[in-house]
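Below is start16.csv, which holds CSV, C-alpha atoms.
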chain,number,residue,atom,x,y,z
A,146,MET,CA,-2.5,3.3,-27.6
A,147,GLN,CA,-2.7,1.4,-24.3
A,148,THR,CA,1.0,1.9,-23.7
A,149,ILE,CA,0.6,5.7,-24.0
A,150,VAL,CA,-2.3,5.5,-21.5
A,151,PHE,CA,-0.2,3.4,-19.2
A,152,PHE,CA,2.7,5.8,-19.3
A,153,ILE,CA,0.5,8.8,-18.5
A,154,PHE,CA,-1.1,7.1,-15.5
A,155,ALA,CA,2.3,5.6,-14.4
A,156,PHE,CA,3.8,9.1,-14.4
A,157,ILE,CA,0.9,10.4,-12.3
A,158,ALA,CA,1.2,7.5,-9.8
A,159,VAL,CA,5.0,7.9,-9.4
A,160,ALA,CA,4.6,11.7,-9.1
A,161,ALA,CA,2.0,11.3,-6.4
A,162,ALA,CA,4.1,8.8,-4.5
A,163,ILE,CA,7.1,11.1,-4.6
A,164,ASN,CA,4.8,14.0,-3.5
A,165,MET,CA,3.7,11.8,-0.5
A,166,LEU,CA,7.4,11.6,0.6
A,167,VAL,CA,8.1,15.2,0.1
A,168,GLN,CA,5.1,16.7,1.9
A,169,LYS,CA,5.6,17.4,5.6
A,170,HIS,CA,2.1,17.4,6.9
A,171,PRO,CA,0.5,13.9,7.2
A,172,ILE,CA,-2.8,15.0,5.6
A,173,HIS,CA,-1.1,16.0,2.4
A,174,SER,CA,0.7,12.7,2.3
A,175,ALA,CA,-2.6,10.9,2.8
A,176,LEU,CA,-4.3,12.8,-0.1
A,177,SER,CA,-1.3,11.9,-2.4
A,178,LEU,CA,-1.6,8.3,-1.4
A,179,ILE,CA,-5.3,8.3,-2.4
A,180,VAL,CA,-4.2,9.5,-5.9
A,181,VAL,CA,-1.8,6.6,-6.1
A,182,MET,CA,-4.5,4.2,-5.2
A,183,ALA,CA,-6.9,5.6,-7.8
A,184,MET,CA,-4.1,5.1,-10.4
A,185,LEU,CA,-3.6,1.5,-9.3
A,186,SER,CA,-7.3,1.0,-9.8
A,187,ILE,CA,-6.9,2.2,-13.4
A,188,PHE,CA,-4.1,-0.3,-13.9
A,189,TYR,CA,-6.3,-3.1,-12.6
A,190,VAL,CA,-8.8,-2.2,-15.2
A,191,MET,CA,-6.1,-2.3,-17.9
A,192,LEU,CA,-5.2,-5.8,-16.6
A,193,TYR,CA,-8.8,-7.0,-16.8
A,194,ALA,CA,-9.2,-7.3,-13.1
A,195,GLU,CA,-12.5,-5.5,-12.9
A,196,PHE,CA,-13.6,-6.7,-9.5
A,197,LEU,CA,-10.3,-5.7,-7.9
A,198,ALA,CA,-10.4,-2.3,-9.5
A,199,VAL,CA,-13.8,-1.6,-7.8
A,200,VAL,CA,-12.6,-3.1,-4.5
A,201,GLN,CA,-9.5,-1.0,-4.7
A,202,VAL,CA,-11.5,2.2,-4.8
A,203,ILE,CA,-14.1,1.0,-2.2
A,204,VAL,CA,-11.9,-0.6,0.3
A,205,TYR,CA,-8.6,1.2,0.0
A,206,ALA,CA,-9.5,4.7,-1.1
A,207,GLY,CA,-12.9,4.6,0.5
A,208,ALA,CA,-12.4,2.8,3.8
A,209,ILE,CA,-8.7,2.6,4.8
A,210,MET,CA,-7.7,6.0,3.7
A,211,VAL,CA,-10.8,7.6,5.2
A,212,LEU,CA,-9.8,5.9,8.5
A,213,PHE,CA,-6.3,7.5,8.0
A,214,VAL,CA,-7.7,10.9,7.4
A,215,PHE,CA,-10.1,10.6,10.4
A,216,VAL,CA,-7.2,9.7,12.7
A,217,ILE,CA,-5.1,12.6,11.3
A,218,MET,CA,-7.9,15.0,11.9
A,219,LEU,CA,-8.6,13.6,15.3
A,220,LEU,CA,-5.0,13.9,16.5
A,221,ASN,CA,-4.3,17.1,14.6
A,222,PRO,CA,-0.5,16.5,14.5
A,223,ARG,CA,2.0,19.3,13.8
A,224,GLU,CA,4.2,19.4,10.8
A,225,GLU,CA,7.2,17.2,10.8
A,226,SER,CA,10.5,19.0,11.6
A,227,HIS,CA,13.6,18.0,9.7
A,228,ARG,CA,15.9,19.8,12.1
A,229,THR,CA,17.4,17.0,14.3
A,230,ARG,CA,20.6,15.3,13.4
A,231,GLN,CA,19.1,11.9,13.3
A,232,ASN,CA,16.6,13.0,10.7
A,233,ARG,CA,19.4,14.3,8.5
A,234,PHE,CA,21.3,11.1,8.8
A,235,LEU,CA,18.3,9.1,7.8
A,236,LEU,CA,17.8,11.4,4.8
A,237,VAL,CA,21.4,11.0,3.7
A,238,ALA,CA,21.4,7.2,4.3
A,239,GLY,CA,17.9,6.2,3.4
A,240,VAL,CA,17.3,7.9,0.1
A,241,PRO,CA,20.5,6.5,-1.7
A,242,LEU,CA,19.8,3.0,-0.2
A,243,GLY,CA,16.3,3.1,-1.6
A,244,LEU,CA,17.4,4.3,-4.9
A,245,CYS,CA,20.0,1.6,-5.1
A,246,LEU,CA,17.4,-1.0,-4.4
A,247,MET,CA,15.1,0.5,-7.1
A,248,ALA,CA,17.9,0.5,-9.7
A,249,GLU,CA,18.8,-3.1,-8.8
A,250,ILE,CA,15.2,-4.4,-9.2
A,251,VAL,CA,14.6,-2.4,-12.4
A,252,ILE,CA,17.8,-3.7,-14.0
A,253,LEU,CA,17.0,-7.2,-13.1
A,254,LEU,CA,13.4,-6.9,-14.4
A,255,ARG,CA,14.6,-5.5,-17.7
A,256,ARG,CA,16.6,-8.7,-18.3
A,257,ALA,CA,14.3,-11.2,-16.7
A,258,PRO,CA,13.2,-13.9,-19.1
A,259,LEU,CA,9.5,-13.7,-18.4
A,260,GLY,CA,8.3,-15.7,-21.4
A,261,GLU,CA,5.5,-15.0,-23.8
A,262,ASN,CA,2.0,-14.1,-22.7
A,263,GLU,CA,-0.2,-17.1,-22.5
A,264,THR,CA,-2.4,-17.1,-25.6
A,265,GLY,CA,-5.9,-18.4,-25.9
A,266,ARG,CA,-8.9,-17.3,-24.0
A,267,GLN,CA,-7.9,-14.6,-21.6
A,268,LEU,CA,-9.5,-14.8,-18.2
A,269,VAL,CA,-11.3,-11.7,-17.1
A,270,GLY,CA,-11.5,-11.0,-13.3
A,271,THR,CA,-15.2,-10.3,-13.2
A,272,THR,CA,-17.1,-10.5,-9.9
A,273,GLU,CA,-18.5,-13.8,-11.1
A,274,ALA,CA,-15.2,-15.4,-12.0
A,275,VAL,CA,-13.4,-14.2,-8.8
A,276,GLY,CA,-16.4,-15.3,-6.6
A,277,ARG,CA,-16.4,-18.7,-8.2
A,278,VAL,CA,-12.7,-19.3,-7.4
A,279,LEU,CA,-13.0,-17.6,-4.0
A,280,PHE,CA,-15.9,-19.8,-2.8
A,281,THR,CA,-14.6,-23.1,-4.2
A,282,ASP,CA,-10.8,-23.4,-4.2
A,283,TYR,CA,-10.1,-20.7,-1.5
A,284,LEU,CA,-13.1,-21.3,0.8
A,285,LEU,CA,-11.1,-22.2,3.9
A,286,PRO,CA,-8.7,-19.2,3.7
A,287,PHE,CA,-11.8,-17.0,3.2
A,288,GLU,CA,-13.4,-18.3,6.4
A,289,PHE,CA,-10.1,-17.9,8.3
A,290,ILE,CA,-9.6,-14.4,7.1
A,291,SER,CA,-13.1,-13.5,8.3
A,292,VAL,CA,-12.2,-14.6,11.8
A,293,LEU,CA,-9.0,-12.6,11.5
A,294,ILE,CA,-10.8,-9.4,10.6
A,295,LEU,CA,-13.2,-10.0,13.5
A,296,ILE,CA,-10.2,-10.2,15.9
A,297,ALA,CA,-8.8,-7.0,14.4
A,298,ILE,CA,-12.0,-5.2,15.1
A,299,LEU,CA,-12.0,-6.4,18.7
A,300,GLY,CA,-8.3,-5.4,19.0
A,301,ALA,CA,-9.0,-1.9,17.7
A,302,VAL,CA,-11.9,-1.5,20.2
A,303,VAL,CA,-9.8,-2.7,23.1
A,304,LEU,CA,-6.8,-0.6,22.2
A,305,THR,CA,-8.7,2.7,21.9
A,306,LYS,CA,-10.3,2.3,25.3
A,307,ARG,CA,-9.5,5.1,27.7
A,308,GLU,CA,-7.6,3.1,30.3
A,309,LEU,CA,-5.3,0.6,28.7
B,20,MET,CA,-1.3,-4.7,-24.8
B,21,VAL,CA,1.1,-3.3,-22.3
B,22,PRO,CA,4.1,-5.7,-21.7
B,23,LEU,CA,4.4,-7.3,-18.3
B,24,ASN,CA,7.8,-5.7,-17.6
B,25,TYR,CA,6.3,-2.3,-17.5
B,26,PHE,CA,3.9,-3.2,-14.7
B,27,LEU,CA,6.6,-4.9,-12.8
B,28,ILE,CA,9.0,-2.0,-13.1
B,29,LEU,CA,6.3,0.5,-12.0
B,30,ALA,CA,5.5,-1.8,-9.0
B,31,ALA,CA,9.2,-1.9,-8.1
B,32,ILE,CA,9.5,1.9,-8.3
B,33,LEU,CA,6.4,2.3,-6.1
B,34,PHE,CA,7.7,-0.3,-3.6
B,35,CYS,CA,11.1,1.4,-3.3
B,36,LEU,CA,9.4,4.8,-2.8
B,37,GLY,CA,7.5,3.1,0.0
B,38,VAL,CA,10.8,1.8,1.5
B,39,ILE,CA,12.4,5.3,1.2
B,40,GLY,CA,9.3,6.8,3.0
B,41,PHE,CA,9.5,4.3,5.7
B,42,VAL,CA,13.2,5.0,6.4
B,43,MET,CA,13.0,8.7,5.9
B,44,LYS,CA,9.9,9.8,7.7
B,45,ARG,CA,9.7,10.2,11.4
B,46,ASN,CA,5.9,10.6,11.7
B,47,LEU,CA,4.1,7.4,12.7
B,48,ILE,CA,1.1,8.0,10.4
B,49,THR,CA,3.3,8.7,7.4
B,50,MET,CA,5.4,5.6,8.0
B,51,PHE,CA,2.2,3.6,8.2
B,52,MET,CA,1.1,5.1,4.9
B,53,SER,CA,4.4,4.1,3.3
B,54,ILE,CA,3.7,0.5,4.4
B,55,GLU,CA,0.3,0.8,2.6
B,56,LEU,CA,2.1,2.0,-0.5
B,57,MET,CA,4.4,-1.1,-0.4
B,58,LEU,CA,1.4,-3.4,0.0
B,59,ASN,CA,-0.3,-1.7,-3.0
B,60,SER,CA,2.7,-2.1,-5.2
B,61,VAL,CA,2.9,-5.8,-4.4
B,62,ASN,CA,-0.7,-6.1,-5.3
B,63,LEU,CA,0.0,-4.6,-8.7
B,64,THR,CA,2.7,-7.3,-9.2
B,65,PHE,CA,0.2,-10.0,-8.3
B,66,VAL,CA,-2.4,-8.8,-10.8
B,67,ALA,CA,0.1,-8.3,-13.6
B,68,PHE,CA,1.4,-11.9,-13.2
B,69,SER,CA,-2.2,-13.2,-12.9
B,70,ARG,CA,-2.8,-11.6,-16.3
B,71,HIS,CA,0.4,-12.9,-17.7
B,72,ILE,CA,0.0,-16.6,-16.8
B,73,ASN,CA,-3.7,-16.5,-17.2
B,74,VAL,CA,-4.6,-17.8,-13.7
B,75,LEU,CA,-7.1,-16.1,-11.5
B,76,SER,CA,-5.4,-17.1,-8.2
B,77,GLY,CA,-3.3,-13.9,-8.2
B,78,GLN,CA,-6.4,-11.8,-7.9
B,79,ILE,CA,-7.6,-13.9,-5.0
B,80,PHE,CA,-4.3,-13.2,-3.2
B,81,VAL,CA,-4.8,-9.5,-3.8
B,82,PHE,CA,-8.2,-9.8,-2.3
B,83,PHE,CA,-6.7,-11.4,0.8
B,84,VAL,CA,-3.9,-8.8,1.0
B,85,MET,CA,-6.6,-6.1,1.0
B,86,VAL,CA,-8.3,-7.8,3.9
B,87,ILE,CA,-5.0,-8.0,5.8
B,88,ALA,CA,-4.3,-4.3,5.1
B,89,ALA,CA,-7.7,-3.4,6.4
B,90,ALA,CA,-7.1,-5.3,9.6
B,91,GLU,CA,-3.6,-3.9,9.9
B,92,ALA,CA,-4.9,-0.3,9.4
B,93,ALA,CA,-7.6,-0.8,12.1
B,94,VAL,CA,-5.2,-2.2,14.7
B,95,GLY,CA,-2.2,0.0,13.8
B,96,LEU,CA,-4.2,3.2,13.9
B,97,ALA,CA,-5.7,2.2,17.2
B,98,ILE,CA,-2.2,1.8,18.6
B,99,ILE,CA,-1.2,5.2,17.2
B,100,VAL,CA,-4.2,6.8,18.9
B,101,ALA,CA,-3.3,5.1,22.2
B,102,PHE,CA,0.3,6.2,21.8
B,103,TYR,CA,-0.7,9.8,21.1
B,104,ARG,CA,-2.9,9.9,24.2
B,105,ASN,CA,0.1,9.0,26.3
B,106,ARG,CA,2.9,11.0,24.7
B,107,GLU,CA,1.2,13.9,22.9
B,108,SER,CA,3.4,13.3,20.0
B,109,LEU,CA,3.6,11.2,16.8
B,110,ASN,CA,7.4,11.1,16.5
B,111,VAL,CA,8.6,7.6,16.2
B,112,ASP,CA,11.8,8.5,18.1
B,113,GLU,CA,9.7,8.7,21.2
B,114,VAL,CA,8.7,5.1,20.9
B,115,ASP,CA,11.6,3.9,23.0
B,116,ARG,CA,9.9,2.1,25.9
B,117,MET,CA,7.8,-1.0,25.7
B,118,LYS,CA,5.6,0.3,28.5
B,119,LEU,CA,3.2,3.1,27.7
Go through the file and emit its structure as C-alpha cells.
Amino acid sequence: MQTIVFFIFAFIAVAAAINMLVQKHPIHSALSLIVVMAMLSIFYVMLYAEFLAVVQVIVYAGAIMVLFVFVIMLLNPREESHRTRQNRFLLVAGVPLGLCLMAEIVILLRRAPLGENETGRQLVGTTEAVGRVLFTDYLLPFEFISVLILIAILGAVVLTKREL
Amino acid sequence: MVPLNYFLILAAILFCLGVIGFVMKRNLITMFMSIELMLNSVNLTFVAFSRHINVLSGQIFVFFVMVIAAAEAAVGLAIIVAFYRNRESLNVDEVDRMKL
C-alpha cells in the first residue's frame, strides 16, 4: 500500500521536475518546483520526519519560492530563446551527460549492499525529538548558523541598494 | 514500508534533473532553481538514511541545509536583481565581466 502511494507521488515529483526543465518562462518553472517541494514534504511524512515535512512546506514552498516568484514578477523577464548556437550545443551535450550520470547512480544504488533496516523502536522526527537533539548535541552549529543567516540578510540589503 | 533504495533512486533522479537544468538553462533564475532542486534531493537522501539507521542527526542536517538554502536564496536573488538593473537581461552568457 505504502509502495503504491510512493510510486504515485514519485511519478508526480519527477514529472514536475521534468516540466521545470521544459518550460521556457521562469514563472512556470517556479510553479513546477513548488509541486516538487510539496511532493518531497509528503515523502518526509512517509519517512516519519513530521517536523521536516512542515518546515519543508513553510520554509521552502512558503518562503524561498515566494521570494523567487516575487523576483520573477519584479524583473518581468522575457521567455528564454533557444536559438543561439551555444544553447543548442549545451542541449546536445548537457542532457546526455546528465542522463549518463543518472543511469550510473541508479545502477550503483540498485546493487548497493545497504543492509537491513534497524529494528526495534523507530525514532519519529517530531518537533520535540528534533528540538531536543538540536538544542543539546547541535547547539553550537545552531548558534553559528543564526549568525550566518543574519549576515545573509545584511548582504541582501547591501546588494540591492541602488548604487552598488 | 518502502525500501530505502526507492528513496535513494528517486533522489538521484531529481538530482540529475537539477544538474541537467543547470547545464541546459541560460536563465539565471532558472539555473538558481535547479540548484534548489539539487539541494532538495540531497535532503531526501539525508532523511531516508536517517530513517534507515534510526538516528535523528540526518534530520538536523536537513534543517541546516534548509537554513543555508534560505541564506543562499536571499543573497543570490539580491545579486540577480543587481545584475538585472545593470544589464537589463537575465541571460547568464552576459555575465562575462567581474565588474558590473
(message) Should the cut-off be 6 Å, what would the residue list for chain B against chain A look like, counting only C-alpha atoms, as an MDAnalysis selection string?
(response) chainID B and resid 21 28 32 35 39:40 42:43 49 71:72 90 93:94 97 101
(message) With distances taken over only C-alpha atoms, which residue among A:Leu176, A:Ala183, A:Ile157, A:Val211 lies nearest Asn59 (chain B)?
(response) A:Ala183
(message) When you look at Asn62 (chain B) with a cut-off of 10 Å (counting all atoms listed in the file), what residues show up, excluding the ones that are within fewer than 2 positions of it in the same chain? I need them as a ChimeraX atom specification.
(response) /A:185,189,197 /B:30,56-60,64-67,77-78,80-82,84-85
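Going from CA of Tyr103 (chain B) to CA of Ala206 (chain A) covers 24.4 Å.
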(request) May I ask for the distance between CA of Arg70 (chain B) and CA of Thr272 (chain A), given in Å to one decimal place? (result) 15.7 Å
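Atom pair CA of Val199 (chain A) / CA of Leu75 (chain B) has a distance of 16.4 Å (rounded to one decimal).
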Where atoms are lacking, region 54-85 of chain B completed to N, CA and C atoms, as a short mmCIF file (atom, residue, chain, number, x, y, z; two decimals), in the coordinates of the input:
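Wrote rebuild_36.cif, looks like this:
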data_model
loop_
_atom_site.label_atom_id
_atom_site.label_comp_id
_atom_site.auth_asym_id
_atom_site.auth_seq_id
_atom_site.Cartn_x
_atom_site.Cartn_y
_atom_site.Cartn_z
N ILE B 54 3.90 1.96 4.39
CA ILE B 54 3.70 0.50 4.40
C ILE B 54 2.50 0.18 3.44
N GLU B 55 1.46 1.00 3.51
CA GLU B 55 0.30 0.80 2.60
C GLU B 55 0.73 0.88 1.16
N LEU B 56 1.62 1.84 0.87
CA LEU B 56 2.10 2.00 -0.50
C LEU B 56 2.84 0.73 -0.96
N MET B 57 3.65 0.16 -0.07
CA MET B 57 4.40 -1.10 -0.40
C MET B 57 3.41 -2.20 -0.68
N LEU B 58 2.39 -2.34 0.18
CA LEU B 58 1.40 -3.40 0.00
C LEU B 58 0.71 -3.24 -1.37
N ASN B 59 0.39 -1.99 -1.71
CA ASN B 59 -0.30 -1.70 -3.00
C ASN B 59 0.56 -2.11 -4.18
N SER B 60 1.85 -1.80 -4.09
CA SER B 60 2.70 -2.10 -5.20
C SER B 60 2.84 -3.61 -5.43
N VAL B 61 2.89 -4.35 -4.31
CA VAL B 61 2.90 -5.80 -4.40
C VAL B 61 1.65 -6.33 -5.04
N ASN B 62 0.53 -5.71 -4.67
CA ASN B 62 -0.70 -6.10 -5.30
C ASN B 62 -0.70 -5.96 -6.80
N LEU B 63 -0.09 -4.86 -7.26
CA LEU B 63 0.00 -4.60 -8.70
C LEU B 63 0.80 -5.76 -9.36
N THR B 64 1.88 -6.19 -8.69
CA THR B 64 2.70 -7.30 -9.20
C THR B 64 1.82 -8.56 -9.34
N PHE B 65 1.06 -8.84 -8.30
CA PHE B 65 0.20 -10.00 -8.30
C PHE B 65 -0.77 -9.99 -9.49
N VAL B 66 -1.42 -8.85 -9.68
CA VAL B 66 -2.40 -8.80 -10.80
C VAL B 66 -1.75 -8.89 -12.12
N ALA B 67 -0.56 -8.28 -12.27
CA ALA B 67 0.10 -8.30 -13.60
C ALA B 67 0.51 -9.77 -13.90
N PHE B 68 1.03 -10.51 -12.91
CA PHE B 68 1.40 -11.90 -13.20
C PHE B 68 0.16 -12.76 -13.41
N SER B 69 -0.92 -12.46 -12.67
CA SER B 69 -2.20 -13.20 -12.90
C SER B 69 -2.64 -13.06 -14.32
N ARG B 70 -2.49 -11.86 -14.87
CA ARG B 70 -2.80 -11.60 -16.30
C ARG B 70 -1.87 -12.36 -17.19
N HIS B 71 -0.61 -12.37 -16.81
CA HIS B 71 0.40 -12.90 -17.70
C HIS B 71 0.27 -14.43 -17.84
N ILE B 72 0.11 -15.15 -16.73
CA ILE B 72 0.00 -16.60 -16.80
C ILE B 72 -1.41 -17.09 -16.91
N ASN B 73 -2.35 -16.13 -16.95
CA ASN B 73 -3.70 -16.50 -17.20
C ASN B 73 -4.34 -17.38 -16.14
N VAL B 74 -4.04 -17.08 -14.87
CA VAL B 74 -4.60 -17.80 -13.70
C VAL B 74 -5.24 -16.77 -12.81
N LEU B 75 -6.41 -17.09 -12.29
CA LEU B 75 -7.10 -16.10 -11.50
C LEU B 75 -6.66 -16.05 -10.04
N SER B 76 -5.83 -17.00 -9.62
CA SER B 76 -5.40 -17.10 -8.20
C SER B 76 -4.76 -15.79 -7.73
N GLY B 77 -3.98 -15.15 -8.60
CA GLY B 77 -3.30 -13.90 -8.20
C GLY B 77 -4.27 -12.87 -7.72
N GLN B 78 -5.42 -12.79 -8.36
CA GLN B 78 -6.40 -11.80 -7.90
C GLN B 78 -7.01 -12.13 -6.60
N ILE B 79 -7.13 -13.45 -6.31
CA ILE B 79 -7.60 -13.90 -5.00
C ILE B 79 -6.63 -13.44 -3.91
N PHE B 80 -5.32 -13.61 -4.21
CA PHE B 80 -4.30 -13.20 -3.20
C PHE B 80 -4.40 -11.72 -2.96
N VAL B 81 -4.62 -10.94 -4.02
CA VAL B 81 -4.80 -9.50 -3.80
C VAL B 81 -5.93 -9.19 -2.92
N PHE B 82 -7.02 -9.92 -3.11
CA PHE B 82 -8.20 -9.80 -2.30
C PHE B 82 -7.82 -10.00 -0.80
N PHE B 83 -7.07 -11.06 -0.54
CA PHE B 83 -6.70 -11.40 0.80
C PHE B 83 -5.72 -10.30 1.37
N VAL B 84 -4.80 -9.83 0.52
CA VAL B 84 -3.90 -8.80 1.00
C VAL B 84 -4.67 -7.55 1.39
N MET B 85 -5.73 -7.23 0.65
CA MET B 85 -6.60 -6.10 1.00
C MET B 85 -7.21 -6.26 2.36
#
